[in-house]
Structure formats: C-alpha cells, structure tokens
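Reproduced below: target-v4.pdb, with PDB, C-alpha atoms, pLDDT in the B column.
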```
ATOM      1  CA  MET A   1       0.000   0.000   0.000  1.00 79.00           C
ATOM      2  CA  GLN A   2       1.296   3.482  -0.853  1.00 88.00           C
ATOM      3  CA  ASP A   3       2.018   6.113   1.806  1.00 85.00           C
ATOM      4  CA  THR A   4      -0.742   8.369   0.478  1.00 87.00           C
ATOM      5  CA  GLU A   5      -3.270   5.547   0.772  1.00 90.00           C
ATOM      6  CA  LEU A   6      -2.121   4.722   4.286  1.00 90.00           C
ATOM      7  CA  LEU A   7      -2.345   8.349   5.393  1.00 87.00           C
ATOM      8  CA  ALA A   8      -5.799   8.742   3.808  1.00 89.00           C
ATOM      9  CA  MET A   9      -6.987   5.606   5.592  1.00 91.00           C
ATOM     10  CA  LEU A  10      -5.498   6.918   8.836  1.00 87.00           C
ATOM     11  CA  ARG A  11      -7.480  10.152   8.505  1.00 88.00           C
ATOM     12  CA  LYS A  12     -10.712   8.403   7.522  1.00 91.00           C
ATOM     13  CA  THR A  13     -10.677   5.463   9.962  1.00 92.00           C
ATOM     14  CA  PRO A  14      -7.884   5.911  12.507  1.00 90.00           C
ATOM     15  CA  GLU A  15      -7.886   2.348  13.891  1.00 92.00           C
ATOM     16  CA  ALA A  16      -7.771   0.651  10.505  1.00 93.00           C
ATOM     17  CA  GLY A  17      -5.216   3.166   9.231  1.00 92.00           C
ATOM     18  CA  LEU A  18      -2.903   2.714  12.193  1.00 92.00           C
ATOM     19  CA  THR A  19      -3.211  -1.055  11.910  1.00 93.00           C
ATOM     20  CA  ALA A  20      -2.266  -0.868   8.223  1.00 94.00           C
ATOM     21  CA  VAL A  21       0.711   1.411   8.947  1.00 93.00           C
ATOM     22  CA  MET A  22       1.880  -0.921  11.690  1.00 94.00           C
ATOM     23  CA  LYS A  23       1.470  -3.976   9.471  1.00 94.00           C
ATOM     24  CA  GLN A  24       3.570  -2.421   6.748  1.00 94.00           C
ATOM     25  CA  TYR A  25       6.297  -0.766   8.855  1.00 94.00           C
ATOM     26  CA  THR A  26       6.656  -2.752  12.100  1.00 95.00           C
ATOM     27  CA  ALA A  27       9.606  -4.822  10.865  1.00 94.00           C
ATOM     28  CA  TYR A  28      11.349  -1.675   9.627  1.00 92.00           C
ATOM     29  CA  VAL A  29      10.841   0.182  12.921  1.00 93.00           C
ATOM     30  CA  TYR A  30      11.833  -2.921  14.906  1.00 94.00           C
ATOM     31  CA  THR A  31      15.122  -3.149  13.005  1.00 92.00           C
ATOM     32  CA  ILE A  32      15.959   0.467  13.834  1.00 91.00           C
ATOM     33  CA  ALA A  33      15.044   0.058  17.505  1.00 92.00           C
ATOM     34  CA  ALA A  34      16.946  -3.213  17.816  1.00 90.00           C
ATOM     35  CA  GLY A  35      20.031  -1.624  16.307  1.00 89.00           C
ATOM     36  CA  HIS A  36      20.089   1.011  19.040  1.00 87.00           C
ATOM     37  CA  LEU A  37      18.940  -1.131  21.955  1.00 89.00           C
ATOM     38  CA  ARG A  38      20.497  -4.536  21.316  1.00 85.00           C
ATOM     39  CA  GLN A  39      23.383  -3.911  23.738  1.00 83.00           C
ATOM     40  CA  ALA A  40      21.361  -2.224  26.481  1.00 83.00           C
ATOM     41  CA  GLY A  41      17.834  -3.543  26.427  1.00 81.00           C
ATOM     42  CA  THR A  42      15.813  -6.698  26.354  1.00 88.00           C
ATOM     43  CA  ALA A  43      13.402  -7.857  23.661  1.00 89.00           C
ATOM     44  CA  GLU A  44      10.597  -6.346  25.731  1.00 92.00           C
ATOM     45  CA  ASP A  45      12.364  -2.958  25.749  1.00 91.00           C
ATOM     46  CA  ILE A  46      12.669  -3.091  21.971  1.00 93.00           C
ATOM     47  CA  GLU A  47       9.008  -4.039  21.538  1.00 94.00           C
ATOM     48  CA  GLU A  48       7.931  -1.270  23.905  1.00 95.00           C
ATOM     49  CA  THR A  49      10.007   1.216  21.936  1.00 94.00           C
ATOM     50  CA  VAL A  50       8.385   0.064  18.685  1.00 95.00           C
ATOM     51  CA  SER A  51       4.953   0.603  20.249  1.00 95.00           C
ATOM     52  CA  ASP A  52       6.010   4.054  21.445  1.00 95.00           C
ATOM     53  CA  VAL A  53       7.123   4.928  17.917  1.00 94.00           C
ATOM     54  CA  PHE A  54       3.680   4.195  16.493  1.00 95.00           C
ATOM     55  CA  VAL A  55       1.931   6.063  19.310  1.00 94.00           C
ATOM     56  CA  THR A  56       4.190   9.066  18.723  1.00 93.00           C
ATOM     57  CA  PHE A  57       3.551   8.881  14.984  1.00 93.00           C
ATOM     58  CA  TYR A  58      -0.219   8.673  15.515  1.00 92.00           C
ATOM     59  CA  ARG A  59      -0.203  11.744  17.785  1.00 91.00           C
ATOM     60  CA  TRP A  60       2.061  13.621  15.391  1.00 89.00           C
ATOM     61  CA  GLN A  61      -0.107  13.014  12.347  1.00 89.00           C
ATOM     62  CA  GLN A  62      -3.188  14.324  14.190  1.00 88.00           C
ATOM     63  CA  THR A  63      -1.659  17.780  14.537  1.00 88.00           C
ATOM     64  CA  HIS A  64       0.418  18.095  11.361  1.00 86.00           C
ATOM     65  CA  ASP A  65      -0.262  18.233   7.658  1.00 84.00           C
ATOM     66  CA  THR A  66       0.731  14.889   6.160  1.00 82.00           C
ATOM     67  CA  ALA A  67       0.513  15.869   2.498  1.00 82.00           C
ATOM     68  CA  GLY A  68       3.694  14.827   0.721  1.00 80.00           C
ATOM     69  CA  ILE A  69       5.159  13.119   3.786  1.00 83.00           C
ATOM     70  CA  ASN A  70       7.505  10.201   3.222  1.00 85.00           C
ATOM     71  CA  LEU A  71       6.099   7.838   5.838  1.00 89.00           C
ATOM     72  CA  ARG A  72       9.154   5.578   5.873  1.00 87.00           C
ATOM     73  CA  ALA A  73      11.492   8.493   6.559  1.00 87.00           C
ATOM     74  CA  LEU A  74       9.219   9.972   9.228  1.00 89.00           C
ATOM     75  CA  LEU A  75       8.954   6.640  11.049  1.00 92.00           C
ATOM     76  CA  ALA A  76      12.740   6.198  10.797  1.00 91.00           C
ATOM     77  CA  VAL A  77      13.336   9.564  12.479  1.00 89.00           C
ATOM     78  CA  ILE A  78      10.806   8.859  15.229  1.00 91.00           C
ATOM     79  CA  ALA A  79      12.204   5.349  15.753  1.00 91.00           C
ATOM     80  CA  LYS A  80      15.756   6.615  16.020  1.00 90.00           C
ATOM     81  CA  ARG A  81      14.847   9.326  18.537  1.00 89.00           C
ATOM     82  CA  GLN A  82      12.694   7.005  20.646  1.00 92.00           C
ATOM     83  CA  SER A  83      15.416   4.338  20.616  1.00 91.00           C
ATOM     84  CA  ILE A  84      18.123   6.760  21.673  1.00 88.00           C
ATOM     85  CA  ASN A  85      15.940   8.088  24.477  1.00 88.00           C
ATOM     86  CA  ARG A  86      15.216   4.545  25.661  1.00 90.00           C
ATOM     87  CA  PHE A  87      18.918   3.653  25.436  1.00 88.00           C
ATOM     88  CA  TYR A  88      19.850   6.577  27.681  1.00 86.00           C
ATOM     89  CA  ALA A  89      17.077   5.700  30.118  1.00 85.00           C
ATOM     90  CA  LEU A  90      18.299   2.094  30.308  1.00 84.00           C
ATOM     91  CA  THR A  91      21.980   2.914  30.681  1.00 81.00           C
ATOM     92  CA  ARG A  92      21.742   5.684  33.234  1.00 76.00           C
ATOM     93  CA  HIS A  93      23.705   4.757  36.291  1.00 57.00           C
ATOM     94  CA  PRO A  94      22.530   5.425  39.804  1.00 50.00           C
ATOM     95  CA  VAL A  95      24.132   8.291  41.631  1.00 46.00           C
ATOM     96  CA  SER A  96      27.405   7.235  43.160  1.00 49.00           C
ATOM     97  CA  GLU A  97      27.819   6.318  46.775  1.00 50.00           C
ATOM     98  CA  PRO A  98      27.963   9.233  49.199  1.00 54.00           C
ATOM     99  CA  ILE A  99      31.505  10.120  50.156  1.00 53.00           C
ATOM    100  CA  GLU A 100      30.755   9.394  53.824  1.00 54.00           C
ATOM    101  CA  ASP A 101      30.066   5.746  52.956  1.00 55.00           C
ATOM    102  CA  LEU A 102      33.338   5.538  51.077  1.00 49.00           C
ATOM    103  CA  GLN A 103      35.278   6.876  54.030  1.00 52.00           C
ATOM    104  CA  ASN A 104      34.002   4.132  56.312  1.00 54.00           C
ATOM    105  CA  SER A 105      35.646   1.509  54.112  1.00 49.00           C
ATOM    106  CA  LEU A 106      39.021   3.244  53.718  1.00 48.00           C
ATOM    107  CA  PRO A 107      42.031   1.034  54.433  1.00 50.00           C
ATOM    108  CA  ALA A 108      44.201   1.817  57.437  1.00 50.00           C
ATOM    109  CA  TYR A 109      47.681   3.040  56.581  1.00 48.00           C
ATOM    110  CA  GLU A 110      50.851   3.216  58.611  1.00 50.00           C
ATOM    111  CA  ASN A 111      50.832   7.026  58.664  1.00 50.00           C
ATOM    112  CA  SER A 112      50.100   8.680  61.936  1.00 51.00           C
ATOM    113  CA  PRO A 113      46.405   9.294  62.605  1.00 53.00           C
ATOM    114  CA  ASP A 114      46.981  13.042  62.512  1.00 60.00           C
ATOM    115  CA  GLU A 115      48.396  12.870  58.995  1.00 67.00           C
ATOM    116  CA  GLN A 116      45.514  10.707  57.819  1.00 65.00           C
ATOM    117  CA  ILE A 117      42.964  13.067  59.326  1.00 70.00           C
ATOM    118  CA  LEU A 118      44.669  16.123  57.856  1.00 73.00           C
ATOM    119  CA  LEU A 119      44.874  14.503  54.428  1.00 75.00           C
ATOM    120  CA  MET A 120      41.223  13.385  54.503  1.00 75.00           C
ATOM    121  CA  GLN A 121      40.007  16.800  55.644  1.00 79.00           C
ATOM    122  CA  THR A 122      42.005  18.490  52.910  1.00 82.00           C
ATOM    123  CA  VAL A 123      40.640  16.101  50.275  1.00 82.00           C
ATOM    124  CA  GLU A 124      37.091  16.687  51.531  1.00 82.00           C
ATOM    125  CA  SER A 125      37.589  20.454  51.378  1.00 84.00           C
ATOM    126  CA  LEU A 126      38.029  20.158  47.608  1.00 85.00           C
ATOM    127  CA  GLY A 127      34.296  19.455  47.357  1.00 84.00           C
ATOM    128  CA  ASN A 128      32.397  17.108  45.096  1.00 85.00           C
ATOM    129  CA  PRO A 129      33.111  15.587  42.630  1.00 85.00           C
ATOM    130  CA  ASP A 130      36.847  16.312  43.024  1.00 88.00           C
ATOM    131  CA  SER A 131      37.178  14.731  46.455  1.00 85.00           C
ATOM    132  CA  GLU A 132      35.261  11.676  45.337  1.00 85.00           C
ATOM    133  CA  ILE A 133      37.432  11.284  42.243  1.00 88.00           C
ATOM    134  CA  ILE A 134      40.579  11.351  44.383  1.00 85.00           C
ATOM    135  CA  LEU A 135      39.152   8.836  46.850  1.00 79.00           C
ATOM    136  CA  ARG A 136      38.015   6.473  44.138  1.00 80.00           C
ATOM    137  CA  ARG A 137      41.340   6.651  42.279  1.00 81.00           C
ATOM    138  CA  PHE A 138      43.823   6.461  45.143  1.00 75.00           C
ATOM    139  CA  TYR A 139      41.936   4.659  47.881  1.00 67.00           C
ATOM    140  CA  PHE A 140      39.858   2.249  45.832  1.00 69.00           C
ATOM    141  CA  GLY A 141      42.090   1.906  42.774  1.00 76.00           C
ATOM    142  CA  GLN A 142      39.312   2.570  40.271  1.00 80.00           C
ATOM    143  CA  SER A 143      40.149   3.480  36.691  1.00 86.00           C
ATOM    144  CA  SER A 144      39.035   6.694  35.020  1.00 88.00           C
ATOM    145  CA  LYS A 145      36.409   4.741  33.132  1.00 89.00           C
ATOM    146  CA  GLU A 146      34.981   3.209  36.327  1.00 87.00           C
ATOM    147  CA  ILE A 147      34.965   6.581  38.067  1.00 88.00           C
ATOM    148  CA  GLY A 148      33.355   8.206  35.030  1.00 89.00           C
ATOM    149  CA  THR A 149      30.640   5.568  34.975  1.00 89.00           C
ATOM    150  CA  ALA A 150      29.918   6.025  38.678  1.00 86.00           C
ATOM    151  CA  LEU A 151      29.849   9.829  38.474  1.00 88.00           C
ATOM    152  CA  ASP A 152      28.264  10.105  35.028  1.00 88.00           C
ATOM    153  CA  MET A 153      31.335  11.758  33.485  1.00 89.00           C
ATOM    154  CA  LYS A 154      33.566  11.017  30.536  1.00 91.00           C
ATOM    155  CA  PRO A 155      36.896   9.353  31.417  1.00 89.00           C
ATOM    156  CA  ASN A 156      38.912  12.261  29.985  1.00 91.00           C
ATOM    157  CA  THR A 157      36.889  14.672  32.158  1.00 90.00           C
ATOM    158  CA  VAL A 158      37.736  12.534  35.189  1.00 90.00           C
ATOM    159  CA  ASP A 159      41.443  12.654  34.288  1.00 90.00           C
ATOM    160  CA  LYS A 160      41.431  16.430  33.852  1.00 91.00           C
ATOM    161  CA  ARG A 161      39.546  17.010  37.123  1.00 90.00           C
ATOM    162  CA  LEU A 162      41.919  14.638  38.895  1.00 89.00           C
ATOM    163  CA  SER A 163      45.026  16.469  37.697  1.00 89.00           C
ATOM    164  CA  ARG A 164      43.586  19.858  38.674  1.00 89.00           C
ATOM    165  CA  SER A 165      42.472  18.525  42.050  1.00 88.00           C
ATOM    166  CA  LEU A 166      45.914  17.119  42.788  1.00 87.00           C
ATOM    167  CA  LEU A 167      47.473  20.509  42.037  1.00 87.00           C
ATOM    168  CA  LYS A 168      45.015  22.179  44.422  1.00 87.00           C
ATOM    169  CA  LEU A 169      45.664  19.497  47.037  1.00 83.00           C
ATOM    170  CA  ARG A 170      49.445  20.007  46.832  1.00 84.00           C
ATOM    171  CA  GLU A 171      49.011  23.757  47.270  1.00 84.00           C
ATOM    172  CA  MET A 172      46.686  23.306  50.219  1.00 83.00           C
ATOM    173  CA  LEU A 173      48.970  20.795  51.958  1.00 77.00           C
ATOM    174  CA  SER A 174      52.081  22.894  51.398  1.00 78.00           C
ATOM    175  CA  GLU A 175      50.418  25.799  53.240  1.00 73.00           C
TER     176      GLU A 175
END
```

Now, as a test, write the supplied structure out as structure tokens.
Amino acid sequence: MQDTELLAMLRKTPEAGLTAVMKQYTAYVYTIAAGHLRQAGTAEDIEETVSDVFVTFYRWQQTHDTAGINLRALLAVIAKRQSINRFYALTRHPVSEPIEDLQNSLPAYENSPDEQILLMQTVESLGNPDSEIILRRFYFGQSSKEIGTALDMKPNTVDKRLSRSLLKLREMLSE
C-alpha cells in the first residue's frame, strides 16, 4: 500500500489506518530500535520502543499536515529518537555512593592518625566531585572509566579534574 493511501486511511478510519501502517512498517521500525537497543535492552524494551514509535507517529499526524510526507522516513526519524531516548534511560547509572560511605571503608595506613585526618580533611575540602574522584582513584584503585561511569562523566573529564584537584591538594597541603 502506498504512503498516500495509508495516510488517507489513517485520517478516515484511525484504527484501521494505524493497523495498516503498523502492518507495513513494524519490521522496519523494529530493526531500527533493535540496532540502538540490542546492547542495552531486552526484547521487551525493543518491543515497547516500537509501540512508542507508532503512538508518537499517531499523535504527530493528528496535529500536522501529512501531504507529501515520506512515511518511511518519518517513522525512521521517530524510531531513532525514541530508541536513543530509551537507550539513555536504560543505561543511566545510579548516583554514586555518598563520600561518607566511602570513608568508612578506607584502608588503614601506617601514617600517623593526625596525617591521615589532615589529608582526609584536605581532600574533603576540595568538594564534590573532586574529592570523590581522588578517593576512588587512590583509595579504591578505580580506573578513570569506572569513576566516570559512577559519576556520570567522561573518562577524559575525570582525568582532567583529577590532575587539577591534585594541584590544588598540593598547594593546600604545602600551606
């Protein structure tokens, strides 16, 4: 069925029109959604995204002029945007542990307690996320990628913040 026929049917009898559009384009939309969500989502997430695409399309066509619309291209754009949004929703990481919880699990070192306390207070005075980056790197041995994942930052951002924080820390400790 041609796009113009599908759109005319959708205007005349919405249920039958939407069913016809879905019958013709579900495999196409599913392929797009699966391409974006295969690594992050389940089959149910992909199917839900496909359903969301058709709901979004149906709402869109109610408020816009569909004359001359390439239905395949429109559905591709909607599918891509919905899939990317779902991907980000699925891969968002919870907020990292509070710094107070991290401190409770710090290893004991041979330094005097006064030096440890001074160092920890100075690190804490850097503020978040700098103090947390330092703790995660030097106390827990996490990589930039692991820290970035936990704090929702890029690894190169973590590295840059770490180097700047260490400079600040040196200045503060030398005073």

Exercise: Arg136 of chain A partners within 8 Å, all atoms listed in the file, chain neighbours under 5 positions left out, as a PyMOL selection string: chain A and resi 141-142+147

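Each of A:Asn156, A:Arg161, A:Ser83, A:Gly127 was checked against Arg38 of chain A using all atoms listed in the file; the smallest atom-to-atom distance is that of A:Ser83.
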
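A straight line drawn from atom CA of Ser144 of chain A to atom CA of Lys160 of chain A is 10.1 Å long.
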
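Atom to atom, atom CA of Phe54 of chain A and atom CA of Ala40 of chain A stand 21.3 Å apart.
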
Residues selected by the PyMOL selection byres ((chain A and resi 146) around 12), written as a PyMOL selection string: chain A and resi 93+96+133+136-137+140-145+147-156+158-159

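Residues selected in this file by the PyMOL selection byres ((chain A and resi 24) around 12) comprise Met1, Gln2, Asp3, Leu6, Gly17, Leu18, Thr19, Ala20, Val21, Met22, Lys23, Tyr25, Thr26, Ala27, Tyr28, Val29, Tyr30, Phe54, Leu71, Arg72 and Leu75 of chain A.
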
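If you apply the PyMOL selection byres ((chain A and resi 33) around 9) to this structure, you end up with Tyr28, Val29, Tyr30, Thr31, Ile32, Ala34, Gly35, His36, Leu37, Arg38, Ile46, Glu47, Thr49, Val50, Ala79, Lys80, Gln82, Ser83 and Ile84 of chain A.
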
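Atom pair atom CA of Leu7 of chain A / atom CA of Asn85 of chain A: separated by 26.4 Å.
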
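Restricting the calculation to only C-alpha atoms, the smallest distance between Glu48 of chain A and any of A:His64, A:Arg86, A:Lys168, A:Arg92 is found for A:Arg86.
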